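Source file: run03.cif. Holds: mmCIF, C-alpha atoms.
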data_target
#
loop_
_atom_site.label_atom_id
_atom_site.label_comp_id
_atom_site.auth_asym_id
_atom_site.auth_seq_id
_atom_site.Cartn_x
_atom_site.Cartn_y
_atom_site.Cartn_z
CA MET T 1 -84.34 -104.22 -97.65
CA ALA T 2 -87.35 -103.46 -95.50
CA SER T 3 -90.12 -103.23 -98.08
CA THR T 4 -91.13 -103.24 -101.73
CA PHE T 5 -93.77 -101.40 -103.76
CA ILE T 6 -95.51 -104.70 -104.57
CA LYS T 7 -96.50 -105.74 -101.05
CA ALA T 8 -99.03 -108.55 -101.30
CA ALA T 9 -100.69 -110.90 -103.77
CA GLU T 10 -103.49 -113.44 -103.78
CA VAL T 11 -104.89 -116.04 -106.16
CA TRP T 12 -108.58 -116.90 -106.53
CA LEU T 13 -109.65 -120.15 -108.21
CA PRO T 14 -112.98 -121.16 -109.78
CA SER T 15 -115.09 -123.44 -107.60
CA ALA T 16 -115.91 -126.95 -108.81
CA ASP T 17 -119.21 -125.81 -110.30
CA GLY T 18 -117.76 -122.58 -111.70
CA SER T 19 -120.15 -120.34 -109.77
CA LEU T 20 -117.66 -118.79 -107.33
CA LEU T 21 -114.06 -117.78 -106.89
CA GLU T 22 -112.44 -119.48 -103.89
CA PHE T 23 -109.21 -118.63 -102.07
CA GLY T 24 -106.25 -120.31 -103.74
CA GLY T 25 -103.30 -118.85 -101.87
CA GLY T 26 -101.80 -115.56 -100.80
CA ALA T 27 -98.62 -113.73 -99.87
CA TYR T 28 -99.50 -111.00 -97.41
CA GLY T 29 -96.26 -110.34 -95.54
CA PRO T 30 -97.07 -108.38 -92.37
CA ALA T 31 -100.69 -107.80 -93.49
CA LYS T 32 -102.03 -110.35 -90.99
CA ARG T 33 -105.53 -108.88 -90.76
CA LEU T 34 -105.94 -108.88 -94.53
CA ALA T 35 -104.68 -112.46 -94.72
CA ALA T 36 -107.10 -113.63 -92.04
CA ALA T 37 -110.03 -111.81 -93.65
CA SER T 38 -109.26 -113.21 -97.11
CA ARG T 39 -108.81 -116.92 -96.42
CA GLU T 40 -112.46 -117.45 -95.53
CA LEU T 41 -113.91 -115.48 -98.46
CA CYS T 42 -115.40 -116.44 -101.80
CA TRP T 43 -116.64 -114.19 -104.58
CA GLY T 44 -119.47 -114.34 -107.07
CA ARG T 45 -119.35 -112.57 -110.41
CA GLY T 46 -119.11 -108.83 -109.87
CA GLU T 47 -118.38 -109.15 -106.14
CA GLY T 48 -115.34 -107.38 -104.73
CA LEU T 49 -112.22 -106.76 -106.77
CA PRO T 50 -111.67 -110.41 -107.83
CA GLY T 51 -115.30 -110.78 -108.84
CA HIS T 52 -115.25 -107.57 -110.87
CA ALA T 53 -112.18 -108.66 -112.84
CA TRP T 54 -113.84 -112.04 -113.47
CA ASP T 55 -117.13 -110.50 -114.54
CA GLU T 56 -115.56 -107.91 -116.85
CA GLY T 57 -113.08 -110.40 -118.31
CA ARG T 58 -110.22 -107.91 -118.18
CA PRO T 59 -107.78 -106.30 -115.75
CA VAL T 60 -109.25 -103.87 -113.22
CA LEU T 61 -107.20 -101.29 -111.33
CA LEU T 62 -108.29 -99.59 -108.13
CA GLY T 63 -106.25 -96.47 -107.42
CA ARG T 64 -107.96 -96.17 -104.05
CA PHE T 65 -110.15 -98.44 -102.00
CA GLU T 66 -112.48 -95.90 -100.39
CA GLY T 67 -115.84 -95.51 -102.08
CA SER T 68 -115.28 -98.53 -104.32
CA TYR T 69 -116.57 -102.10 -104.37
CA PHE T 70 -113.45 -103.26 -102.50
CA ARG T 71 -114.61 -105.19 -99.41
CA ARG T 72 -111.49 -105.20 -97.18
CA THR T 73 -110.52 -101.51 -97.06
CA GLU T 74 -109.81 -101.24 -93.34
CA ALA T 75 -107.53 -104.27 -93.29
CA ALA T 76 -105.73 -103.12 -96.45
CA HIS T 77 -105.07 -99.63 -95.10
CA ALA T 78 -103.86 -101.04 -91.79
CA ALA T 79 -101.14 -102.87 -93.75
CA GLY T 80 -100.07 -99.81 -95.76
CA LEU T 81 -101.72 -100.96 -98.99
CA SER T 82 -103.01 -98.12 -101.15
CA CYS T 83 -103.95 -99.59 -104.55
CA ALA T 84 -104.45 -102.90 -106.34
CA VAL T 85 -104.85 -104.50 -109.74
CA ALA T 86 -106.65 -107.75 -110.58
CA TRP T 87 -106.85 -109.75 -113.76
CA PRO T 88 -108.34 -113.06 -114.93
CA LEU T 89 -106.20 -115.71 -116.62
CA TRP T 90 -107.44 -118.14 -119.28
CA LEU T 91 -105.79 -121.30 -120.54
CA ASN T 92 -107.37 -122.46 -123.83
CA ASP T 93 -110.49 -120.38 -123.08
CA ARG T 94 -110.82 -121.88 -119.60
CA LEU T 95 -110.64 -119.51 -116.63
CA THR T 96 -107.83 -120.77 -114.42
CA SER T 97 -107.76 -118.01 -111.81
CA VAL T 98 -107.94 -114.36 -110.90
CA LEU T 99 -104.74 -112.73 -109.64
CA VAL T 100 -104.79 -109.71 -107.32
CA ILE T 101 -101.63 -107.68 -106.64
CA PHE T 102 -101.56 -105.05 -103.90
CA CYS T 103 -99.13 -102.12 -103.83
CA GLY T 104 -98.32 -99.51 -101.22
CA HIS T 105 -97.04 -95.99 -101.85
CA ASP T 106 -94.37 -94.37 -99.71
CA ALA T 107 -94.85 -90.66 -98.97
CA ALA T 108 -91.17 -89.98 -99.65
CA THR T 109 -90.76 -92.09 -102.82
CA ALA T 110 -92.43 -91.95 -106.22
CA CYS T 111 -94.10 -95.17 -107.39
CA GLY T 112 -96.75 -96.01 -109.92
CA LEU T 113 -99.24 -98.72 -110.82
CA GLU T 114 -100.74 -98.41 -114.31
CA LEU T 115 -103.22 -100.18 -116.57
CA TRP T 116 -102.90 -99.66 -120.34
CA HIS T 117 -105.33 -100.81 -123.02
CA HIS T 118 -105.57 -101.04 -126.78
CA ASP T 119 -109.12 -100.67 -128.09
CA ALA T 120 -109.17 -101.67 -131.75
CA HIS T 121 -112.45 -99.81 -132.23
CA THR T 122 -111.02 -96.42 -131.29
CA GLY T 123 -107.49 -96.45 -132.68
CA GLU T 124 -104.20 -98.25 -133.15
CA ASP T 125 -102.47 -97.06 -129.97
CA MET T 126 -102.41 -98.14 -126.36
CA THR T 127 -103.73 -95.57 -123.88
CA LEU T 128 -103.86 -95.32 -120.10
CA VAL T 129 -107.02 -96.71 -118.49
CA ASP T 130 -106.04 -95.64 -114.99
CA GLY T 131 -103.07 -95.23 -112.71
CA ALA T 132 -102.09 -94.78 -109.07
CA TYR T 133 -98.97 -92.64 -108.69
CA GLY T 134 -98.89 -91.28 -105.16
CA SER T 135 -98.58 -87.64 -104.18
CA ASN T 136 -95.12 -86.84 -105.53
CA ALA T 137 -95.38 -87.94 -109.17
CA GLN T 138 -98.04 -85.51 -110.36
CA GLY T 139 -96.08 -84.35 -113.41
CA PHE T 140 -95.44 -87.92 -114.47
CA GLU T 141 -99.12 -88.76 -113.96
CA ALA T 142 -100.22 -85.80 -116.09
CA ILE T 143 -98.02 -86.73 -119.06
CA SER T 144 -99.00 -90.41 -118.73
CA ARG T 145 -102.71 -89.62 -119.06
CA GLN T 146 -101.96 -87.76 -122.31
CA THR T 147 -99.64 -90.40 -123.79
CA ARG T 148 -100.55 -92.67 -126.69
CA LEU T 149 -98.28 -95.63 -127.34
CA PRO T 150 -98.11 -97.38 -130.73
CA ARG T 151 -97.46 -101.09 -130.72
CA GLY T 152 -93.87 -101.75 -129.65
CA VAL T 153 -93.31 -98.24 -128.28
CA GLY T 154 -92.73 -97.51 -124.61
CA LEU T 155 -92.70 -100.04 -121.81
CA PRO T 156 -96.39 -101.10 -122.09
CA GLY T 157 -96.19 -101.04 -125.90
CA GLN T 158 -93.19 -103.40 -125.89
CA ALA T 159 -94.96 -105.87 -123.61
CA TRP T 160 -98.03 -105.66 -125.88
CA GLU T 161 -95.98 -106.34 -129.02
CA ARG T 162 -93.78 -109.12 -127.61
CA GLY T 163 -96.42 -110.85 -125.52
CA GLU T 164 -93.88 -111.20 -122.71
CA ALA T 165 -92.92 -109.31 -119.57
CA VAL T 166 -90.49 -106.41 -120.05
CA PHE T 167 -88.32 -105.02 -117.24
CA LEU T 168 -86.25 -101.83 -117.48
CA GLU T 169 -83.56 -101.31 -114.87
CA ASP T 170 -83.04 -97.58 -115.43
CA LEU T 171 -85.98 -95.61 -116.81
CA PRO T 172 -84.22 -92.22 -117.06
CA LEU T 173 -81.46 -93.79 -119.17
CA SER T 174 -83.89 -95.73 -121.39
CA ALA T 175 -85.29 -92.94 -123.56
CA ASP T 176 -85.09 -95.21 -126.61
CA ARG T 177 -87.41 -97.71 -124.90
CA PHE T 178 -89.33 -95.55 -122.42
CA VAL T 179 -90.91 -92.46 -123.96
CA ARG T 180 -91.54 -90.84 -120.56
CA ALA T 181 -87.89 -91.04 -119.50
CA GLY T 182 -87.52 -87.33 -118.80
CA GLU T 183 -90.64 -87.23 -116.66
CA ALA T 184 -89.53 -90.41 -114.87
CA ALA T 185 -86.20 -88.78 -113.97
CA ALA T 186 -87.97 -85.71 -112.63
CA ALA T 187 -90.26 -87.86 -110.51
CA GLY T 188 -87.45 -90.05 -109.17
CA LEU T 189 -88.66 -93.23 -110.87
CA LEU T 190 -85.99 -95.80 -111.67
CA ARG T 191 -87.39 -99.29 -112.38
CA GLY T 192 -90.23 -100.35 -114.63
CA LEU T 193 -92.00 -103.67 -115.22
CA ALA T 194 -94.77 -104.28 -117.76
CA ILE T 195 -96.82 -107.48 -117.92
CA PRO T 196 -98.99 -108.20 -120.97
CA VAL T 197 -102.48 -109.46 -120.15
CA ALA T 198 -104.61 -111.41 -122.59
CA ALA T 199 -108.39 -111.13 -122.64
CA GLN T 200 -108.81 -114.83 -123.39
CA ARG T 201 -106.81 -115.09 -126.65
CA THR T 202 -106.06 -111.47 -127.54
CA ILE T 203 -103.41 -109.45 -125.69
CA ASP T 204 -104.85 -105.96 -125.39
CA HIS T 205 -103.84 -104.83 -121.88
CA ALA T 206 -100.57 -104.23 -120.05
CA VAL T 207 -100.11 -103.76 -116.32
CA THR T 208 -97.13 -101.59 -115.43
CA PHE T 209 -95.31 -101.18 -112.12
CA LEU T 210 -92.92 -98.25 -111.60
CA ALA T 211 -90.72 -97.53 -108.59
CA GLY T 212 -87.76 -95.52 -107.35
CA PRO T 213 -84.49 -96.71 -105.79
CA ALA T 214 -85.63 -96.33 -102.18
CA LEU T 215 -88.72 -98.54 -102.60
CA PRO T 216 -88.04 -101.16 -105.30
CA LEU T 217 -90.71 -103.11 -107.15
CA ALA T 218 -89.65 -106.46 -105.72
CA ARG T 219 -86.56 -107.99 -104.17
CA ARG T 220 -85.88 -110.09 -107.24
CA ILE T 221 -87.43 -110.46 -110.71
CA GLU T 222 -86.94 -113.45 -113.02
CA ARG T 223 -88.30 -114.73 -116.34
CA TRP T 224 -88.50 -118.48 -117.05
CA VAL T 225 -89.37 -120.34 -120.26
CA LEU T 226 -89.67 -123.99 -121.23
CA ASP T 227 -86.70 -125.33 -123.16
CA ALA T 228 -87.06 -127.10 -126.50
CA THR T 229 -87.60 -130.49 -124.84
CA ALA T 230 -90.39 -129.16 -122.57
CA ALA T 231 -88.68 -131.15 -119.80
CA ARG T 232 -86.92 -128.23 -118.12
CA LEU T 233 -87.62 -124.62 -117.32
CA ARG T 234 -84.80 -122.24 -118.18
CA ARG T 235 -84.19 -118.87 -116.55
CA VAL T 236 -83.64 -116.25 -119.25
CA TYR T 237 -83.43 -113.15 -117.08
CA ALA T 238 -82.83 -112.29 -113.42
CA PHE T 239 -82.51 -108.99 -111.60
CA SER T 240 -81.81 -108.72 -107.88
CA GLU T 241 -81.97 -105.52 -105.86
CA LEU T 242 -79.80 -107.21 -103.23
CA HIS T 243 -77.00 -108.44 -105.49
CA GLY T 244 -76.10 -105.59 -107.76
CA GLY T 245 -78.54 -105.84 -110.66
CA ALA T 246 -79.00 -108.18 -113.59
CA SER T 247 -77.57 -111.66 -113.78
CA LEU T 248 -77.80 -114.16 -116.60
CA ALA T 249 -76.20 -117.03 -114.70
CA GLU T 250 -77.45 -120.34 -116.07
CA ALA T 251 -80.31 -121.83 -114.10
CA THR T 252 -82.80 -124.58 -114.90
CA LEU T 253 -85.59 -126.41 -113.12
CA PRO T 254 -86.99 -129.86 -113.93
CA PHE T 255 -90.51 -129.74 -115.32
CA SER T 256 -93.28 -132.29 -115.47
CA ALA T 257 -96.78 -131.17 -116.37
CA LEU T 258 -98.19 -134.18 -114.52
CA ALA T 259 -96.28 -133.58 -111.28
CA PRO T 260 -94.93 -130.02 -111.19
CA ALA T 261 -92.64 -129.23 -108.25
CA GLY T 262 -92.45 -125.70 -106.90
CA ALA T 263 -94.35 -122.51 -107.67
CA ILE T 264 -92.68 -121.78 -111.02
CA ALA T 265 -93.35 -125.25 -112.43
CA SER T 266 -96.88 -125.26 -111.00
CA ALA T 267 -97.72 -121.94 -112.69
CA CYS T 268 -96.37 -123.26 -115.99
CA ALA T 269 -98.41 -126.47 -115.80
CA SER T 270 -101.70 -124.99 -114.58
CA GLY T 271 -101.80 -121.55 -116.18
CA ALA T 272 -102.68 -120.14 -112.75
CA PRO T 273 -100.37 -118.04 -110.55
CA ALA T 274 -98.70 -119.91 -107.70
CA ILE T 275 -97.35 -118.60 -104.40
CA SER T 276 -94.86 -120.23 -102.05
CA ASP T 277 -92.33 -119.38 -99.37
CA TRP T 278 -88.90 -119.10 -100.93
CA PRO T 279 -86.45 -120.74 -100.79
CA ALA T 280 -87.83 -123.29 -98.33
CA ALA T 281 -90.62 -124.63 -100.58
CA GLU T 282 -88.74 -124.55 -103.87
CA PRO T 283 -86.78 -127.39 -105.54
CA GLY T 284 -83.04 -127.29 -104.89
CA ALA T 285 -83.30 -124.83 -101.99
CA SER T 286 -80.68 -125.22 -99.30
CA ALA T 287 -80.81 -124.51 -95.59
CA ALA T 288 -77.80 -122.21 -96.01
CA ALA T 289 -79.66 -120.11 -98.58
CA ALA T 290 -82.67 -119.77 -96.32
CA THR T 291 -80.47 -118.68 -93.42
CA ALA T 292 -78.59 -116.17 -95.56
CA ILE T 293 -81.56 -114.34 -97.05
CA GLY T 294 -84.48 -115.13 -94.77
CA SER T 295 -87.90 -116.17 -96.02
CA TRP T 296 -89.41 -114.37 -99.01
CA ALA T 297 -92.64 -115.00 -100.83
CA LEU T 298 -92.34 -116.19 -104.42
CA LEU T 299 -95.16 -115.17 -106.75
CA ALA T 300 -95.01 -117.07 -110.07
CA ILE T 301 -97.20 -115.48 -112.75
CA PRO T 302 -97.87 -117.31 -116.04
CA VAL T 303 -97.84 -115.02 -119.06
CA LEU T 304 -100.29 -116.34 -121.64
CA ARG T 305 -100.55 -115.77 -125.36
CA GLU T 306 -103.15 -117.33 -127.66
CA GLY T 307 -104.37 -119.54 -124.83
CA SER T 308 -100.96 -120.99 -123.94
CA VAL T 309 -98.32 -120.27 -121.30
CA VAL T 310 -95.29 -118.63 -122.96
CA GLU T 311 -93.27 -117.72 -119.88
CA ILE T 312 -93.33 -117.48 -116.10
CA LEU T 313 -92.60 -114.20 -114.39
CA ALA T 314 -91.24 -114.80 -110.89
CA LEU T 315 -91.46 -111.98 -108.35
CA TYR T 316 -89.78 -112.37 -104.97
CA LEU T 317 -91.53 -110.19 -102.39
#
Represent the supplied structure as structure tokens.
Amino acid sequence: MASTFIKAAEVWLPSADGSLLEFGGGAYGPAKRLAAASRELCWGRGEGLPGHAWDEGRPVLLGRFEGSYFRRTEAAHAAGLSCAVAWPLWLNDRLTSVLVIFCGHDAATACGLELWHHDAHTGEDMTLVDGAYGSNAQGFEAISRQTRLPRGVGLPGQAWERGEAVFLEDLPLSADRFVRAGEAAAAGLLRGLAIPVAAQRTIDHAVTFLAGPALPLARRIERWVLDATAARLRRVYAFSELHGGASLAEATLPFSALAPAGAIASACASGAPAISDWPAAEPGASAAAATAIGSWALLAIPVLREGSVVEILALYL
């Protein structure tokens, strides 16, 4: 598998005095120029994409970099990146980080990055704030901009209601869970992932990634939760593009909030996304596994509800 729709990610952390966002890690793949440009940066409130998400206190989606406040357009385009979304994360009302995810469209394959929002002052439904769909999903884009999703309806509406990430393996065959199934089939969209995003304590946004079979969202997607003892993390869902789909094989990781080991445990303990090379930097990884699959980047995203981490979404890029 040569590439994925989600191509790069970075984490920005508050400085010691809380006045800036400083580089906290990144997975850039072949985007060497973007990586080099990013590691030396810091952002004030309202500066660049990370600073805008921090200042506005909500997710921000850029469907294109040109003409915007994005500061690294040339380096992003050189790496085939076409759009991005950023959102701040809070743990008990404390800003832990700002996460930025970069995506890249393929001219021959439909893909989509969406931001949905529920505004209690204007209605009960979730509506599209913005989206980036590429050139060959115009019909899907048109219907999406007209769609209103009640709580629990559609992919973003389910993530909003449950307060947890929702992944659909086959959008055209999921009409009962994905109201735009017919339009997804026409556009060639297959997979869908929605992540609920809390504005401090209230979940009112959902970020959605959509992709076709030729350019998948990620190589592997997993969901992890703490078990009843809070001493182990338990994998409750896994989907691999390389190994034939979903797998619910039992898997656990030891967890200590005082000394978390690996990106997944670190994200759970800190409430901030964590990035590592996988499998080399993860607990229990073997040399044989690394040789068999090569080196991927593991992005571990904490999903928060009411100021607490409720699960970790692991994306292997």
Identify, on the basis of all atoms listed in the file, every residue whose closest approach to Leu173 in chain T does not exceed 12 Å; exclude the query and any residue fewer than 6 positions from it along the same chain; express the result as a list of chain:residue names.
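Within the cut-off, the hits are T:Val179, T:Arg180, T:Ala181, T:Gly182, T:Glu183, T:Ala184, T:Ala185, T:Leu189, T:Leu190, T:Arg191, T:Gly192.
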May I ask which of the residues T:Ala259, T:Leu149, T:Leu304, T:Leu61 is the closest one to His118 in chain T, counting all atoms listed in the file?
T:Leu149
For range 204-277 of chain T versus range 127-133 of chain T, which residues have an atom no more than 12 Å away, and what is each residue's nearest atom pair and distance in Å rounded to one decimal, using only C-alpha atoms, chain-then-number order, as CSV?
residue,atom,partner,partner_atom,distance
T:Asp204,CA,T:Thr127,CA,10.6
T:His205,CA,T:Val129,CA,9.4
T:Ala206,CA,T:Leu128,CA,9.5
T:Val207,CA,T:Gly131,CA,9.7
T:Thr208,CA,T:Gly131,CA,9.1
T:Phe209,CA,T:Gly131,CA,9.8
T:Leu210,CA,T:Tyr133,CA,8.7
T:Ala211,CA,T:Tyr133,CA,9.6
T:Gly212,CA,T:Tyr133,CA,11.7
List every residue of range 102-203 of chain T that has an atom at most 12 Å from any atom of range 217-221 of chain T, and for each one report the closest atom pair and its distance in Å to one decimal, counting all atoms listed in the file, with rows sorted by chain and then by increasing residue number, as CSV.
residue,atom,partner,partner_atom,distance
T:Phe102,CA,T:Leu217,CA,11.5
T:Cys103,CA,T:Leu217,CA,9.1
T:Gly104,CA,T:Leu217,CA,10.3
T:His105,CA,T:Leu217,CA,10.9
T:Thr109,CA,T:Leu217,CA,11.8
T:Ala110,CA,T:Leu217,CA,11.3
T:Cys111,CA,T:Leu217,CA,8.6
T:Gly112,CA,T:Leu217,CA,9.7
T:Leu113,CA,T:Leu217,CA,10.3
T:Ala165,CA,T:Ile221,CA,10.5
T:Val166,CA,T:Ile221,CA,10.6
T:Phe167,CA,T:Ile221,CA,8.5
T:Leu168,CA,T:Ile221,CA,11.0
T:Glu169,CA,T:Leu217,CA,10.7
T:Leu189,CA,T:Leu217,CA,10.8
T:Leu190,CA,T:Leu217,CA,9.8
T:Arg191,CA,T:Leu217,CA,7.3
T:Gly192,CA,T:Leu217,CA,8.0
T:Leu193,CA,T:Leu217,CA,8.2
T:Ala194,CA,T:Leu217,CA,11.4
What is the CA of Gly245 in chain T to CA of Ala214 in chain T distance in Å?
14.6 Å
Translate the PyMOL selection byres ((chain T and resi 268) around 8) into a concrete residue list for this structure, as a ChimeraX atom specification.
/T:257,264-267,269-272,302,309,311-312
Explicit residues for the PyMOL selection byres ((chain T and resi 8-20) around 6) (as a PDB file with C-alpha atoms, in the coordinates of the input):
ATOM      1  CA  LYS T   7     -96.500-105.740-101.050  1.00  0.00           C
ATOM      2  CA  LEU T  21    -114.060-117.780-106.890  1.00  0.00           C
ATOM      3  CA  GLU T  22    -112.440-119.480-103.890  1.00  0.00           C
ATOM      4  CA  PHE T  23    -109.210-118.630-102.070  1.00  0.00           C
ATOM      5  CA  GLY T  24    -106.250-120.310-103.740  1.00  0.00           C
ATOM      6  CA  GLY T  25    -103.300-118.850-101.870  1.00  0.00           C
ATOM      7  CA  GLY T  26    -101.800-115.560-100.800  1.00  0.00           C
ATOM      8  CA  ALA T  27     -98.620-113.730 -99.870  1.00  0.00           C
ATOM      9  CA  TYR T  28     -99.500-111.000 -97.410  1.00  0.00           C
ATOM     10  CA  TRP T  43    -116.640-114.190-104.580  1.00  0.00           C
ATOM     11  CA  GLY T  44    -119.470-114.340-107.070  1.00  0.00           C
ATOM     12  CA  SER T  97    -107.760-118.010-111.810  1.00  0.00           C
ATOM     13  CA  VAL T  98    -107.940-114.360-110.900  1.00  0.00           C
ATOM     14  CA  LEU T  99    -104.740-112.730-109.640  1.00  0.00           C
ATOM     15  CA  VAL T 100    -104.790-109.710-107.320  1.00  0.00           C
ATOM     16  CA  ILE T 101    -101.630-107.680-106.640  1.00  0.00           C
ATOM     17  CA  PHE T 102    -101.560-105.050-103.900  1.00  0.00           C
TER      18      PHE T 102
END
Selection dump of the PyMOL selection byres ((chain T and resi 226) around 9), as a list of chain:residue names:
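Evaluating the PyMOL selection byres ((chain T and resi 226) around 9) on these coordinates yields T:Trp224, T:Val225, T:Asp227, T:Ala228, T:Thr229, T:Ala230, T:Ala231, T:Arg232, T:Leu233, T:Arg234, T:Arg235, T:Phe255, T:Cys268, T:Val310, T:Glu311.
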So how many Å separate CA of Leu155 in chain T and CA of Ala137 in chain T, to one decimal?
17.7 Å
Which value, in Å to one decimal, gives the distance between CA of Arg162 in chain T and CA of Ser240 in chain T?
23.1 Å
Need the shell around Ser276 in chain T: protein/DNA/RNA residues with any atom at most 9 Å away, counting all atoms listed in the file. Skip same-chain ones fewer than 6 positions apart. Format as a tab-separated table (two decimals) with C-alpha atoms, in the coordinates of the input?
chain	number	residue	atom	x	y	z
T	25	GLY	CA	-103.30	-118.85	-101.87
T	26	GLY	CA	-101.80	-115.56	-100.80
T	27	ALA	CA	-98.62	-113.73	-99.87
T	262	GLY	CA	-92.45	-125.70	-106.90
T	263	ALA	CA	-94.35	-122.51	-107.67
T	282	GLU	CA	-88.74	-124.55	-103.87
T	296	TRP	CA	-89.41	-114.37	-99.01
T	297	ALA	CA	-92.64	-115.00	-100.83
T	298	LEU	CA	-92.34	-116.19	-104.42
T	299	LEU	CA	-95.16	-115.17	-106.75
T	300	ALA	CA	-95.01	-117.07	-110.07
Under the rule that all atoms listed in the file are counted, which of T:Gly29, T:Gly163, T:Gly67, T:Gly57 is the nearest residue to Arg45 in chain T?
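The shortest atom-to-atom distance to Arg45 in chain T comes from T:Gly57.
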